[in-house]
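A short write-up of the structure that comes next.
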Amino acid sequence: MSQKTEKPTLTGHRIKTRKRDEKEKYDPSGFRDAILQGLNEAENDLEQVSKFLDSAGSRLDYRRYAEPLFDILFAGGILAPGGSIVQEAGVDRVSAYATSIFRTKDDTASLKAQYEILYKLIRRYKYLEKSFEDELKKLIMFLKGFSEEERLKLAKVVGICLANGLGSPNCLLPLFEDHLVKEGLSIEFAKCMFKAWLQEKDIQNVSTALKKAGIEGKLLELLPINKRTQENFENLFLAAGLDPIVEYQRVKASAERKKGIQTKLEDMIHGEEPVKEMISLVKDHMTKTNMQEHEMVVMVWNTLMNAVEWNKKEELVADQSLKHLKQYTALLAALTENGRSELALMTKIQEYCYDNMNFLKVFRKIVVLFYKADVLGEDSVLKWYQEAHLSKGKRVFLDQMKSFVQWLQNAEEESEDEN
């Protein structure tokens with residue numbers, strides 16, 4: 001008789017989840033109520049507000065509830081999508097922070113005091129830095145949902161924060177969103193923000209921050225498209241007393257235009273288009289932008305030299321460079337109609353040959369080529385040799401030019417004797 005095999009059974013103890021390991025339910029309303037109670041008990045004493053926020057972080061989960069925390073400090077309560085404060089119908093409790101940034105006085109001292117609260121909080125709880133940047137981005141996206149007074153206070157506090165390194169300038173990226181630009185909200189926010197920023201720091205601080213965010217050349221895009229001109233931008237910011245921003249924008253606009261003409265000229269070089277058309281292009285650009293001849297000739301030189309992949313062998317690069325430059329002497333000659341332009345070109349050639357070691361021995365050959373092609377005149381070459389040369393590679397280049405300069409001087413003396 002066969003014996004029935006007993007089936008295996010699992011043995012062991014059932015592990016009971018400890019209470020501390022259980023995931024707490026996300027309860028922003030409960031967090032809000034706890035924060036609001038402490039904040040409102042402090043009333044208008046901002047020192048007490050800071051002390052409360054400092055101590056509350058040890059018992060309230062700031063990491064998890066960072067967004068509602070910053071909503072409360074800025075707007076007074078938790079923000080719904082669009083910018084309105086969440087109101088719970090039928091619930092009898094305090095639902096707004098009476099001394100929030102949006103409710104504080106609109107003066108520099110009061111807004112700087114609010115900045116100090118944010119600074120102390122984030123310095124104490126460093127993990128809030130990223131959440132703070134996200135909050136600023138969100139608040140800027142919600143500009144349309146705030147009153148004009150709230151928008152201006154927000155702009156000023158953002159300016160103060162960024163001036164003092166609190167938050168990242170990346171928070172300004174939403175200003176370029178179409179819905180904010182179209183309504184004119186972006187440009188108004190920017191004016192107010194920059195004014196507060198420049199009261200704290202100089203234009204160099206602003207420039208560094210904008211460059212970090214990659215928006216240093218985009219300020220014109222804050223204007224609605226039907227008003228997007230340099231003239232309109234300047235009029236708005238000059239009227240607001242923001243002369244440093246106007247000058248900064250002028251420099252950036254000039255750089256963008258210069259970059260555009262360089263790209264076009266490089267395309268023409270690669271396409272082997274006629275030099276006459278290149279001359280027409282650069283002359284037209286100079287007329288439209290008031291760009292000076294000495295600036296243009298340096299830009300054209302840079303473009304010509306960047307358009308070629310140079311041979312890495314020093315003995316071959318001389319022939320390659322002279323052959324290349326000979327094609328464009330007429331272009332350079334059209335841009336050296338005065339002594340200042342000629343000297344600007346000579347010093348730029350010197351700098352280029354010094355910075356690119358394969359060209360160190362080519363300097364004299366380039367100068368002679370340009371002299372023969374009427375790009376450089378005798379007076380400019382002599383002035384460069386005697387006083388206008390750069391310190392970079394001075395000994396090397398002066399030695400190279402010595403015999404040519406002596407030839408020029410002798411030719412000049414012979415001409416005077418004949419006369």
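Identifiers for the structure tokens are assigned positionally: chains receive A, B, ... in sequence, residues are indexed from 1 per chain, and ligands are indexed from 1 in the order shown.
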Give me the residues near Ala344 of chain A as a PyMOL selection string, where near means some atom within 9 Å (using only C-alpha atoms) and where sequence neighbours in that chain fewer than 3 positions away do not count. chain A and resi 294-295+297-298+339-341+347-349
For the selection just defined, write its residues with all heavy atoms to a file, as a CSV table (one decimal), in the first residue's frame.
```
chain,number,residue,atom,x,y,z
A,294,HIS,N,37.5,100.4,-38.2
A,294,HIS,CA,38.6,99.6,-37.5
A,294,HIS,C,38.0,98.4,-36.8
A,294,HIS,O,38.7,97.4,-36.6
A,294,HIS,CB,39.3,100.5,-36.5
A,294,HIS,CG,38.5,101.0,-35.4
A,294,HIS,ND1,37.7,102.2,-35.5
A,294,HIS,CD2,38.3,100.6,-34.1
A,294,HIS,CE1,37.1,102.4,-34.3
A,294,HIS,NE2,37.4,101.4,-33.5
A,295,GLU,N,36.7,98.5,-36.4
A,295,GLU,CA,36.1,97.3,-35.7
A,295,GLU,C,35.8,96.2,-36.8
A,295,GLU,O,36.0,95.0,-36.6
A,295,GLU,CB,34.8,97.7,-35.0
A,295,GLU,CG,35.0,98.7,-33.9
A,295,GLU,CD,33.7,99.2,-33.3
A,295,GLU,OE1,32.8,99.6,-34.1
A,295,GLU,OE2,33.5,99.1,-32.1
A,297,VAL,N,37.2,95.7,-39.8
A,297,VAL,CA,38.4,95.1,-40.4
A,297,VAL,C,38.9,94.0,-39.5
A,297,VAL,O,39.4,92.9,-40.0
A,297,VAL,CB,39.5,96.1,-40.8
A,297,VAL,CG1,40.3,96.6,-39.5
A,297,VAL,CG2,40.4,95.5,-41.8
A,298,VAL,N,38.9,94.2,-38.2
A,298,VAL,CA,39.3,93.2,-37.3
A,298,VAL,C,38.3,92.0,-37.3
A,298,VAL,O,38.8,90.8,-37.3
A,298,VAL,CB,39.4,93.7,-35.8
A,298,VAL,CG1,39.6,92.6,-34.8
A,298,VAL,CG2,40.5,94.7,-35.7
A,339,GLY,N,44.3,105.4,-41.1
A,339,GLY,CA,45.4,104.9,-40.4
A,339,GLY,C,45.0,104.1,-39.2
A,339,GLY,O,45.7,103.1,-38.8
A,340,ARG,N,43.9,104.5,-38.5
A,340,ARG,CA,43.5,103.7,-37.3
A,340,ARG,C,43.1,102.3,-37.7
A,340,ARG,O,43.4,101.3,-37.0
A,340,ARG,CB,42.3,104.4,-36.7
A,340,ARG,CG,41.8,103.8,-35.4
A,340,ARG,CD,40.6,104.5,-34.8
A,340,ARG,NE,40.2,103.9,-33.6
A,340,ARG,CZ,39.2,104.3,-32.8
A,340,ARG,NH1,38.5,105.3,-33.2
A,340,ARG,NH2,38.9,103.7,-31.7
A,341,SER,N,42.4,102.1,-38.8
A,341,SER,CA,42.0,100.8,-39.3
A,341,SER,C,43.2,100.0,-39.7
A,341,SER,O,43.3,98.8,-39.4
A,341,SER,CB,41.1,100.9,-40.5
A,341,SER,OG,39.9,101.7,-40.2
A,347,THR,N,48.0,95.2,-35.5
A,347,THR,CA,48.1,94.6,-34.2
A,347,THR,C,47.3,93.3,-34.0
A,347,THR,O,47.7,92.4,-33.3
A,347,THR,CB,47.6,95.7,-33.1
A,347,THR,OG1,46.3,96.1,-33.5
A,347,THR,CG2,48.5,96.8,-33.1
A,348,LYS,N,46.2,93.2,-34.8
A,348,LYS,CA,45.4,92.0,-34.7
A,348,LYS,C,46.2,90.8,-35.4
A,348,LYS,O,46.2,89.7,-34.9
A,348,LYS,CB,44.1,92.2,-35.5
A,348,LYS,CG,43.1,91.0,-35.3
A,348,LYS,CD,42.8,90.8,-33.8
A,348,LYS,CE,42.0,89.6,-33.5
A,348,LYS,NZ,41.7,89.4,-32.1
A,349,ILE,N,46.9,91.1,-36.5
A,349,ILE,CA,47.7,90.1,-37.2
A,349,ILE,C,48.8,89.7,-36.2
A,349,ILE,O,49.1,88.5,-36.1
A,349,ILE,CB,48.3,90.7,-38.5
A,349,ILE,CG1,47.2,91.0,-39.5
A,349,ILE,CG2,49.3,89.6,-39.1
A,349,ILE,CD1,47.7,91.8,-40.7
```
Which neighbours of segment 249-258 of chain A fall inside 10 Å, counting only C-alpha atoms, when residues of the same chain fewer than 2 positions from it are skipped, and could you give them as a PDB file with all heavy atoms, in the first residue's frame?
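result-v6.pdb, freshly written:
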```
ATOM      1  N   GLU A 216      21.602  85.902 -21.749  1.00  0.00           N
ATOM      2  CA  GLU A 216      22.247  87.216 -21.804  1.00  0.00           C
ATOM      3  C   GLU A 216      21.935  87.992 -23.080  1.00  0.00           C
ATOM      4  O   GLU A 216      21.958  89.219 -23.103  1.00  0.00           O
ATOM      5  CB  GLU A 216      23.774  87.093 -21.639  1.00  0.00           C
ATOM      6  CG  GLU A 216      24.506  86.437 -22.794  1.00  0.00           C
ATOM      7  CD  GLU A 216      24.576  84.925 -22.688  1.00  0.00           C
ATOM      8  OE1 GLU A 216      23.680  84.321 -22.063  1.00  0.00           O
ATOM      9  OE2 GLU A 216      25.518  84.332 -23.230  1.00  0.00           O
ATOM     10  N   GLY A 217      21.621  87.279 -24.163  1.00  0.00           N
ATOM     11  CA  GLY A 217      21.325  87.966 -25.419  1.00  0.00           C
ATOM     12  C   GLY A 217      19.850  87.936 -25.795  1.00  0.00           C
ATOM     13  O   GLY A 217      19.488  88.207 -26.942  1.00  0.00           O
ATOM     14  N   LYS A 218      18.971  87.638 -24.808  1.00  0.00           N
ATOM     15  CA  LYS A 218      17.562  87.422 -25.136  1.00  0.00           C
ATOM     16  C   LYS A 218      16.608  88.457 -24.534  1.00  0.00           C
ATOM     17  O   LYS A 218      15.391  88.303 -24.629  1.00  0.00           O
ATOM     18  CB  LYS A 218      17.131  86.026 -24.657  1.00  0.00           C
ATOM     19  CG  LYS A 218      17.860  84.881 -25.357  1.00  0.00           C
ATOM     20  CD  LYS A 218      17.427  83.533 -24.810  1.00  0.00           C
ATOM     21  CE  LYS A 218      15.966  83.254 -25.095  1.00  0.00           C
ATOM     22  NZ  LYS A 218      15.540  81.930 -24.619  1.00  0.00           N
ATOM     23  N   LEU A 219      17.130  89.506 -23.921  1.00  0.00           N
ATOM     24  CA  LEU A 219      16.246  90.442 -23.215  1.00  0.00           C
ATOM     25  C   LEU A 219      15.209  91.084 -24.127  1.00  0.00           C
ATOM     26  O   LEU A 219      14.090  91.373 -23.695  1.00  0.00           O
ATOM     27  CB  LEU A 219      17.071  91.529 -22.519  1.00  0.00           C
ATOM     28  CG  LEU A 219      17.980  91.068 -21.374  1.00  0.00           C
ATOM     29  CD1 LEU A 219      18.582  92.265 -20.671  1.00  0.00           C
ATOM     30  CD2 LEU A 219      17.224  90.188 -20.381  1.00  0.00           C
ATOM     31  N   LEU A 220      15.572  91.296 -25.392  1.00  0.00           N
ATOM     32  CA  LEU A 220      14.626  91.902 -26.336  1.00  0.00           C
ATOM     33  C   LEU A 220      13.387  91.030 -26.514  1.00  0.00           C
ATOM     34  O   LEU A 220      12.294  91.526 -26.800  1.00  0.00           O
ATOM     35  CB  LEU A 220      15.314  92.122 -27.680  1.00  0.00           C
ATOM     36  CG  LEU A 220      14.730  93.210 -28.591  1.00  0.00           C
ATOM     37  CD1 LEU A 220      14.808  94.576 -27.918  1.00  0.00           C
ATOM     38  CD2 LEU A 220      15.466  93.246 -29.917  1.00  0.00           C
ATOM     39  N   GLN A 230      14.693  97.474 -30.712  1.00  0.00           N
ATOM     40  CA  GLN A 230      15.699  98.011 -29.797  1.00  0.00           C
ATOM     41  C   GLN A 230      15.261  99.371 -29.258  1.00  0.00           C
ATOM     42  O   GLN A 230      15.447  99.674 -28.075  1.00  0.00           O
ATOM     43  CB  GLN A 230      17.045  98.131 -30.534  1.00  0.00           C
ATOM     44  CG  GLN A 230      18.197  98.644 -29.683  1.00  0.00           C
ATOM     45  CD  GLN A 230      18.631  97.661 -28.615  1.00  0.00           C
ATOM     46  OE1 GLN A 230      18.345  96.462 -28.694  1.00  0.00           O
ATOM     47  NE2 GLN A 230      19.313  98.159 -27.590  1.00  0.00           N
ATOM     48  N   PHE A 233      12.648  98.969 -26.505  1.00  0.00           N
ATOM     49  CA  PHE A 233      13.305  98.436 -25.303  1.00  0.00           C
ATOM     50  C   PHE A 233      14.024  99.559 -24.569  1.00  0.00           C
ATOM     51  O   PHE A 233      13.872  99.719 -23.351  1.00  0.00           O
ATOM     52  CB  PHE A 233      14.300  97.338 -25.695  1.00  0.00           C
ATOM     53  CG  PHE A 233      14.989  96.693 -24.522  1.00  0.00           C
ATOM     54  CD1 PHE A 233      14.471  95.540 -23.952  1.00  0.00           C
ATOM     55  CD2 PHE A 233      16.146  97.242 -23.981  1.00  0.00           C
ATOM     56  CE1 PHE A 233      15.098  94.944 -22.857  1.00  0.00           C
ATOM     57  CE2 PHE A 233      16.776  96.658 -22.890  1.00  0.00           C
ATOM     58  CZ  PHE A 233      16.251  95.500 -22.331  1.00  0.00           C
ATOM     59  N   GLU A 234      14.787 100.353 -25.305  1.00  0.00           N
ATOM     60  CA  GLU A 234      15.544 101.434 -24.687  1.00  0.00           C
ATOM     61  C   GLU A 234      14.627 102.478 -24.066  1.00  0.00           C
ATOM     62  O   GLU A 234      14.885 102.960 -22.951  1.00  0.00           O
ATOM     63  CB  GLU A 234      16.486 102.075 -25.714  1.00  0.00           C
ATOM     64  CG  GLU A 234      17.610 101.137 -26.147  1.00  0.00           C
ATOM     65  CD  GLU A 234      18.644 101.829 -27.019  1.00  0.00           C
ATOM     66  OE1 GLU A 234      18.587 103.073 -27.147  1.00  0.00           O
ATOM     67  OE2 GLU A 234      19.516 101.137 -27.566  1.00  0.00           O
ATOM     68  N   ASP A 243      19.445 102.784 -16.973  1.00  0.00           N
ATOM     69  CA  ASP A 243      20.462 103.048 -17.983  1.00  0.00           C
ATOM     70  C   ASP A 243      21.491 101.910 -18.125  1.00  0.00           C
ATOM     71  O   ASP A 243      21.886 101.577 -19.247  1.00  0.00           O
ATOM     72  CB  ASP A 243      21.197 104.358 -17.676  1.00  0.00           C
ATOM     73  CG  ASP A 243      20.253 105.549 -17.674  1.00  0.00           C
ATOM     74  OD1 ASP A 243      19.169 105.437 -17.080  1.00  0.00           O
ATOM     75  OD2 ASP A 243      20.604 106.586 -18.261  1.00  0.00           O
ATOM     76  N   PRO A 244      21.950 101.283 -17.007  1.00  0.00           N
ATOM     77  CA  PRO A 244      22.921 100.183 -17.155  1.00  0.00           C
ATOM     78  C   PRO A 244      22.366  99.002 -17.955  1.00  0.00           C
ATOM     79  O   PRO A 244      23.106  98.365 -18.711  1.00  0.00           O
ATOM     80  CB  PRO A 244      23.208  99.762 -15.700  1.00  0.00           C
ATOM     81  CG  PRO A 244      22.894 100.967 -14.885  1.00  0.00           C
ATOM     82  CD  PRO A 244      21.732 101.618 -15.579  1.00  0.00           C
ATOM     83  N   ILE A 245      21.069  98.728 -17.816  1.00  0.00           N
ATOM     84  CA  ILE A 245      20.457  97.641 -18.589  1.00  0.00           C
ATOM     85  C   ILE A 245      20.390  98.012 -20.063  1.00  0.00           C
ATOM     86  O   ILE A 245      20.617  97.169 -20.947  1.00  0.00           O
ATOM     87  CB  ILE A 245      19.037  97.316 -18.058  1.00  0.00           C
ATOM     88  CG1 ILE A 245      19.107  96.805 -16.615  1.00  0.00           C
ATOM     89  CG2 ILE A 245      18.340  96.287 -18.952  1.00  0.00           C
ATOM     90  CD1 ILE A 245      19.788  95.467 -16.443  1.00  0.00           C
ATOM     91  N   VAL A 246      20.111  99.278 -20.349  1.00  0.00           N
ATOM     92  CA  VAL A 246      20.057  99.744 -21.740  1.00  0.00           C
ATOM     93  C   VAL A 246      21.424  99.588 -22.394  1.00  0.00           C
ATOM     94  O   VAL A 246      21.532  99.073 -23.516  1.00  0.00           O
ATOM     95  CB  VAL A 246      19.591 101.217 -21.804  1.00  0.00           C
ATOM     96  CG1 VAL A 246      19.759 101.771 -23.218  1.00  0.00           C
ATOM     97  CG2 VAL A 246      18.138 101.327 -21.364  1.00  0.00           C
ATOM     98  N   GLU A 247      22.467 100.015 -21.700  1.00  0.00           N
ATOM     99  CA  GLU A 247      23.818  99.904 -22.258  1.00  0.00           C
ATOM    100  C   GLU A 247      24.218  98.439 -22.426  1.00  0.00           C
ATOM    101  O   GLU A 247      24.831  98.054 -23.426  1.00  0.00           O
ATOM    102  CB  GLU A 247      24.815 100.615 -21.333  1.00  0.00           C
ATOM    103  CG  GLU A 247      26.229 100.707 -21.891  1.00  0.00           C
ATOM    104  CD  GLU A 247      26.300 101.357 -23.264  1.00  0.00           C
ATOM    105  OE1 GLU A 247      25.540 102.320 -23.518  1.00  0.00           O
ATOM    106  OE2 GLU A 247      27.114 100.892 -24.087  1.00  0.00           O
ATOM    107  N   GLY A 260      25.939  87.555 -36.531  1.00  0.00           N
ATOM    108  CA  GLY A 260      25.155  87.276 -37.731  1.00  0.00           C
ATOM    109  C   GLY A 260      25.921  87.604 -39.003  1.00  0.00           C
ATOM    110  O   GLY A 260      25.914  86.824 -39.966  1.00  0.00           O
ATOM    111  N   ILE A 261      26.601  88.748 -39.017  1.00  0.00           N
ATOM    112  CA  ILE A 261      27.352  89.141 -40.213  1.00  0.00           C
ATOM    113  C   ILE A 261      28.559  88.233 -40.418  1.00  0.00           C
ATOM    114  O   ILE A 261      28.936  87.903 -41.545  1.00  0.00           O
ATOM    115  CB  ILE A 261      27.780  90.634 -40.136  1.00  0.00           C
ATOM    116  CG1 ILE A 261      28.255  91.131 -41.514  1.00  0.00           C
ATOM    117  CG2 ILE A 261      28.849  90.861 -39.126  1.00  0.00           C
ATOM    118  CD1 ILE A 261      27.163  91.332 -42.504  1.00  0.00           C
ATOM    119  N   GLN A 262      29.160  87.782 -39.315  1.00  0.00           N
ATOM    120  CA  GLN A 262      30.283  86.844 -39.411  1.00  0.00           C
ATOM    121  C   GLN A 262      29.840  85.524 -40.042  1.00  0.00           C
ATOM    122  O   GLN A 262      30.535  84.975 -40.900  1.00  0.00           O
ATOM    123  CB  GLN A 262      30.885  86.568 -38.023  1.00  0.00           C
ATOM    124  CG  GLN A 262      31.819  87.659 -37.539  1.00  0.00           C
ATOM    125  CD  GLN A 262      32.418  87.314 -36.192  1.00  0.00           C
ATOM    126  OE1 GLN A 262      31.710  87.137 -35.205  1.00  0.00           O
ATOM    127  NE2 GLN A 262      33.726  87.206 -36.139  1.00  0.00           N
ATOM    128  N   THR A 263      28.700  85.042 -39.611  1.00  0.00           N
ATOM    129  CA  THR A 263      28.174  83.789 -40.153  1.00  0.00           C
ATOM    130  C   THR A 263      27.885  83.925 -41.645  1.00  0.00           C
ATOM    131  O   THR A 263      28.224  83.034 -42.442  1.00  0.00           O
ATOM    132  CB  THR A 263      26.877  83.385 -39.408  1.00  0.00           C
ATOM    133  OG1 THR A 263      27.162  83.244 -38.021  1.00  0.00           O
ATOM    134  CG2 THR A 263      26.336  82.073 -39.942  1.00  0.00           C
ATOM    135  N   LYS A 264      27.269  85.047 -42.025  1.00  0.00           N
ATOM    136  CA  LYS A 264      26.958  85.281 -43.430  1.00  0.00           C
ATOM    137  C   LYS A 264      28.227  85.375 -44.269  1.00  0.00           C
ATOM    138  O   LYS A 264      28.325  84.791 -45.361  1.00  0.00           O
ATOM    139  CB  LYS A 264      26.143  86.571 -43.550  1.00  0.00           C
ATOM    140  CG  LYS A 264      25.833  87.008 -44.986  1.00  0.00           C
ATOM    141  CD  LYS A 264      24.966  85.996 -45.726  1.00  0.00           C
ATOM    142  CE  LYS A 264      24.606  86.484 -47.110  1.00  0.00           C
ATOM    143  NZ  LYS A 264      23.955  85.434 -47.912  1.00  0.00           N
ATOM    144  N   HIS A 285      26.341  96.717 -43.739  1.00  0.00           N
ATOM    145  CA  HIS A 285      26.213  96.461 -42.300  1.00  0.00           C
ATOM    146  C   HIS A 285      26.755  97.649 -41.505  1.00  0.00           C
ATOM    147  O   HIS A 285      26.153  98.066 -40.502  1.00  0.00           O
ATOM    148  CB  HIS A 285      26.972  95.186 -41.923  1.00  0.00           C
ATOM    149  CG  HIS A 285      26.870  94.833 -40.478  1.00  0.00           C
ATOM    150  ND1 HIS A 285      25.771  94.212 -39.934  1.00  0.00           N
ATOM    151  CD2 HIS A 285      27.739  95.041 -39.444  1.00  0.00           C
ATOM    152  CE1 HIS A 285      25.958  94.037 -38.634  1.00  0.00           C
ATOM    153  NE2 HIS A 285      27.149  94.531 -38.312  1.00  0.00           N
ATOM    154  N   THR A 289      24.435  99.863 -38.873  1.00  0.00           N
ATOM    155  CA  THR A 289      24.709  99.690 -37.434  1.00  0.00           C
ATOM    156  C   THR A 289      25.680 100.712 -36.860  1.00  0.00           C
ATOM    157  O   THR A 289      25.968 100.677 -35.658  1.00  0.00           O
ATOM    158  CB  THR A 289      25.268  98.283 -37.162  1.00  0.00           C
ATOM    159  OG1 THR A 289      26.538  98.148 -37.835  1.00  0.00           O
ATOM    160  CG2 THR A 289      24.321  97.203 -37.659  1.00  0.00           C
ATOM    161  N   MET A 291      28.740 100.729 -37.242  1.00  0.00           N
ATOM    162  CA  MET A 291      29.967 100.031 -36.855  1.00  0.00           C
ATOM    163  C   MET A 291      31.165 100.730 -37.497  1.00  0.00           C
ATOM    164  O   MET A 291      31.139 101.075 -38.670  1.00  0.00           O
ATOM    165  CB  MET A 291      29.894  98.563 -37.314  1.00  0.00           C
ATOM    166  CG  MET A 291      31.008  97.702 -36.784  1.00  0.00           C
ATOM    167  SD  MET A 291      30.757  95.963 -37.288  1.00  0.00           S
ATOM    168  CE  MET A 291      32.064  95.163 -36.363  1.00  0.00           C
ATOM    169  N   MET A 296      35.281  96.707 -37.949  1.00  0.00           N
ATOM    170  CA  MET A 296      34.901  95.784 -39.009  1.00  0.00           C
ATOM    171  C   MET A 296      36.102  95.050 -39.596  1.00  0.00           C
ATOM    172  O   MET A 296      36.033  93.850 -39.863  1.00  0.00           O
ATOM    173  CB  MET A 296      34.155  96.538 -40.110  1.00  0.00           C
ATOM    174  CG  MET A 296      33.733  95.660 -41.290  1.00  0.00           C
ATOM    175  SD  MET A 296      32.653  94.261 -40.809  1.00  0.00           S
ATOM    176  CE  MET A 296      31.063  95.091 -40.720  1.00  0.00           C
ATOM    177  N   MET A 299      37.038  92.244 -37.378  1.00  0.00           N
ATOM    178  CA  MET A 299      36.056  91.167 -37.466  1.00  0.00           C
ATOM    179  C   MET A 299      36.223  90.359 -38.747  1.00  0.00           C
ATOM    180  O   MET A 299      36.146  89.127 -38.743  1.00  0.00           O
ATOM    181  CB  MET A 299      34.640  91.752 -37.405  1.00  0.00           C
ATOM    182  CG  MET A 299      33.552  90.715 -37.224  1.00  0.00           C
ATOM    183  SD  MET A 299      32.026  91.181 -38.043  1.00  0.00           S
ATOM    184  CE  MET A 299      32.437  90.832 -39.743  1.00  0.00           C
TER     185      MET A 299
END
```
Show me, as an MDAnalysis selection string, the residues that have an atom within 8 Å of segment 198-203 of chain A when counting only C-alpha atoms, minus same-chain residues fewer than 2 positions from it. chainID A and resid 160 163:164 194:196 205:207 244:245 248
Select from segment 69-215 of chain A everything DSSP, run on the backbone, classes as alpha helix (DSSP H), then give the selection as a PyMOL selection string. chain A and resi 69-75+108-124+129-141+148-163+178-182+185-200+203-213
What does the structure give for the distance between atom CA of Tyr371 of chain A and atom CA of Met278 of chain A, in Å to one decimal? 21.1 Å
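Shortest atom-to-atom contact with Val86 of chain A among A:Val282, A:Leu173, A:Ile72, A:Ile225: A:Ile72, counting only C-alpha atoms.
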Show me, as a ChimeraX atom specification, the residues that have an atom within 8 Å of Val367 of chain A when counting only C-alpha atoms, minus same-chain residues fewer than 4 positions from it. /A:346,363,371,376
With only C-alpha atoms as the atoms that count, which of A:Arg151, A:Gly165, A:Ala240, A:Leu185 lies nearest to Thr208 of chain A?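 Closest to Thr208 of chain A, using only C-alpha atoms: A:Gly165.
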Rank nothing, just name the residue among A:Asn302, A:Ser84, A:Ser131, A:Ser168 nearest to Glu266 of chain A, using only C-alpha atoms.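 So, comparing all the options, the nearest one is A:Asn302.
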Report as a ChimeraX atom specification all protein, DNA and RNA residues lying within 10 Å of segment 134-143 of chain A, evaluated on only C-alpha atoms, omitting residues in the same chain fewer than 2 positions from it. /A:66-71,74-75,79-84,128-132,145-148,150-152,154-155,158,167-177,179-180,185-186,189
Which is closest to Leu398 of chain A among A:Asn410, A:Asn235, A:Asn338, A:Gln350, if we use only C-alpha atoms?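 Of the candidates, the smallest distance to Leu398 of chain A is held by A:Gln350.
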Length of the atom CA of Glu24 of chain A to atom CA of Phe52 of chain A vector [Å]: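 So the answer is 23.6 Å.
Candidate residues A:Ser29, A:Thr229, A:Gln37, A:Gln327 were compared for distance to Pro274 of chain A, and the nearest is A:Gln327, using only C-alpha atoms.
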The residue from A:Arg63, A:Lys156, A:Lys212, A:His324 with the smallest atom-to-atom distance to Ala109 of chain A, counting only C-alpha atoms, is A:Lys156
